[in-house]
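Read through the structure below, which is laid out as structure tokens, and then see the notes.
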Amino acid sequence: MNKPLSSQPITAPTSHRQTARTSSRDSAAPVIRVENLTRTYGTFTAVDAISFEVPAGSVFGLLGTNGAGKTSALEVIEGLAPAASGTVEVLGMNPLTDRARLRPMIGIMMQEGGFPHELTVRETARMWHGTLTRPLTVDDALDLVDLGERADRPVKALSGGERRRLDLACGFVRLVAGFLQRSVAVLLPRSRRTGCR
């Protein structure tokens with residue numbers, strides 16, 4: 001059986017930590033603050049008292065083996081499930097109780113998008129766009145992940161990597177904070193640099 005996700009130091013090399021601390025957003029509150037987050041399923045502890053902060057303008061990875069509790073932790077942070085104990089704040093709000101206010105400001109890219117294959121890339125992005133408050137334009141979202149030139153192609157004609165980029169465009173059409181439930185390794189290097197700005 002896998003060990004639960006637990007609070008073990010997750011640190012970047014010193015030079016990266018120093019860069020983060022001396023950024024222009026140094027005085028800003030963290031975008032995400034997690035303190036002693038625990039999530040259980042009956043008597044099984046999937047997430048065991050993890051704590052971390054994510055500063056504005058940064059990319060943060062929650063790493064662990066399969067079954068370690070990463071998705072269980074993300075579901076609490078995204079406001080999709082309650083914690084057994086501990087506190088979570090996203091943009092200064094409780095993601096579960098303030099979900100209606102917080103949801104328009106966050107983007108979530110799930111493990112699989114499940115978009116209708118007959119729709120074009122643009123139609124898919126437009127469909128998702130219509131569910132959000134103050135989103136980016138569809139063209140801007142597609143350009144952000146280098147899919148602008150593929151906008152009129154059906155989803156079924158996209159490669160696997162292009163489908164993941166469409167997932168990313170739809171998840172990040174409007175956001176202040178974004179959550180990826182899998183790596184951005186499927187993105188081309190240029191798309192990674194643009195999407196992670």
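Simple scheme: letters A, B, ... for chains in structure tokens order, numbers from 1 for residues in each chain, numbers from 1 for ligands in the order shown.
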Please provide the set of residues having any atom within 9 Å of segment 136-142 of chain A, restricted to only C-alpha atoms, with same-chain residues fewer than 4 positions apart removed, written as a list in words.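 Here the qualifying residues turn out to be Val121, Arg122, Ala125, Arg126, His129, Asp146, Leu147, Gly148, Glu149, Arg150, Ala151, Arg165, Leu166, Leu168, Ala169, Cys170, Phe172, Val173, Arg174 and Leu175 of chain A.
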Residue among A:Arg103, A:Gly114, A:Leu119, A:Ala157 lying closest to Thr131 of chain A, counting only C-alpha atoms: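 So, comparing all the options, the nearest one is A:Arg103.
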Go through segment 56-125 of chain A and flag each residue having an atom no more than 7 Å from segment 28-49 of chain A; for those, report the closest pair of atoms plus their distance in Å to one decimal, using only C-alpha atoms, ordered by chain and rising number, as CSV.
```
residue,atom,partner,partner_atom,distance
A:Ala56,CA,A:Val31,CA,5.3
A:Ala68,CA,A:Ala46,CA,6.8
A:Gly69,CA,A:Ala46,CA,5.1
A:Ser72,CA,A:Ala46,CA,7.0
A:Ala73,CA,A:Val47,CA,6.5
A:Ala83,CA,A:Arg39,CA,5.1
A:Ala84,CA,A:Arg39,CA,4.9
A:Ser85,CA,A:Thr38,CA,5.2
A:Gly86,CA,A:Leu37,CA,4.3
A:Thr87,CA,A:Glu35,CA,5.3
A:Val88,CA,A:Val34,CA,4.6
A:Glu89,CA,A:Arg33,CA,5.1
A:Val90,CA,A:Ile32,CA,4.6
A:Leu91,CA,A:Val31,CA,4.9
```
Can you spit out the residues from that selection as a PDB file, in the first residue's frame, using N, CA and C atoms?
```pdb
ATOM      1  N   ALA A  56       2.588  34.179  -5.946  1.00  0.00           N
ATOM      2  CA  ALA A  56       2.064  34.651  -7.226  1.00  0.00           C
ATOM      3  C   ALA A  56       3.162  34.583  -8.280  1.00  0.00           C
ATOM      4  N   ALA A  68      -0.374   8.302  -4.185  1.00  0.00           N
ATOM      5  CA  ALA A  68       0.189   8.988  -3.014  1.00  0.00           C
ATOM      6  C   ALA A  68      -0.750  10.042  -2.432  1.00  0.00           C
ATOM      7  N   GLY A  69      -1.784  10.472  -3.181  1.00  0.00           N
ATOM      8  CA  GLY A  69      -2.718  11.462  -2.648  1.00  0.00           C
ATOM      9  C   GLY A  69      -2.679  12.805  -3.349  1.00  0.00           C
ATOM     10  N   SER A  72      -6.140  13.691  -4.532  1.00  0.00           N
ATOM     11  CA  SER A  72      -6.965  13.937  -3.342  1.00  0.00           C
ATOM     12  C   SER A  72      -6.683  15.321  -2.761  1.00  0.00           C
ATOM     13  N   ALA A  73      -5.410  15.714  -2.743  1.00  0.00           N
ATOM     14  CA  ALA A  73      -5.054  17.049  -2.252  1.00  0.00           C
ATOM     15  C   ALA A  73      -5.569  18.126  -3.205  1.00  0.00           C
ATOM     16  N   ALA A  83     -11.760  18.956   3.261  1.00  0.00           N
ATOM     17  CA  ALA A  83     -10.619  18.366   3.966  1.00  0.00           C
ATOM     18  C   ALA A  83     -11.123  17.736   5.263  1.00  0.00           C
ATOM     19  N   ALA A  84     -10.432  16.710   5.728  1.00  0.00           N
ATOM     20  CA  ALA A  84     -10.746  16.152   7.045  1.00  0.00           C
ATOM     21  C   ALA A  84     -10.299  17.125   8.126  1.00  0.00           C
ATOM     22  N   SER A  85      -9.154  17.800   7.864  1.00  0.00           N
ATOM     23  CA  SER A  85      -8.664  18.827   8.780  1.00  0.00           C
ATOM     24  C   SER A  85      -7.646  19.681   8.037  1.00  0.00           C
ATOM     25  N   GLY A  86      -7.272  20.787   8.665  1.00  0.00           N
ATOM     26  CA  GLY A  86      -6.335  21.711   8.057  1.00  0.00           C
ATOM     27  C   GLY A  86      -7.064  22.844   7.355  1.00  0.00           C
ATOM     28  N   THR A  87      -6.288  23.786   6.824  1.00  0.00           N
ATOM     29  CA  THR A  87      -6.881  24.929   6.139  1.00  0.00           C
ATOM     30  C   THR A  87      -6.260  25.088   4.760  1.00  0.00           C
ATOM     31  N   VAL A  88      -7.082  25.571   3.835  1.00  0.00           N
ATOM     32  CA  VAL A  88      -6.659  25.837   2.470  1.00  0.00           C
ATOM     33  C   VAL A  88      -7.219  27.196   2.077  1.00  0.00           C
ATOM     34  N   GLU A  89      -6.373  28.034   1.487  1.00  0.00           N
ATOM     35  CA  GLU A  89      -6.810  29.308   0.929  1.00  0.00           C
ATOM     36  C   GLU A  89      -6.278  29.427  -0.485  1.00  0.00           C
ATOM     37  N   VAL A  90      -7.132  29.846  -1.393  1.00  0.00           N
ATOM     38  CA  VAL A  90      -6.746  30.144  -2.759  1.00  0.00           C
ATOM     39  C   VAL A  90      -7.188  31.578  -3.015  1.00  0.00           C
ATOM     40  N   LEU A  91      -6.245  32.444  -3.328  1.00  0.00           N
ATOM     41  CA  LEU A  91      -6.509  33.873  -3.507  1.00  0.00           C
ATOM     42  C   LEU A  91      -7.199  34.457  -2.281  1.00  0.00           C
TER      43      LEU A  91
END
```
Would you mind writing down, as a PyMOL selection string, each residue of segment 44-152 of chain A that DSSP on the backbone assigns to helix (DSSP H, G or I)? chain A and resi 70-77+99-105+121-129+138-144+148-150
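Taking atom CA of Val145 of chain A and atom CA of Glu123 of chain A as the two end points, the separation is 15.9 Å.
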One decimal, Å: what's the distance from atom CA of Val76 of chain A over to atom CA of Leu144 of chain A, could you say?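 Distance reported for this atom pair: 27.9 Å.
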Between A:Met127, A:Thr120, A:Thr97, A:Pro135, single out the one closest to Arg163 of chain A, counting only C-alpha atoms.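 So, comparing all the options, the nearest one is A:Thr120.
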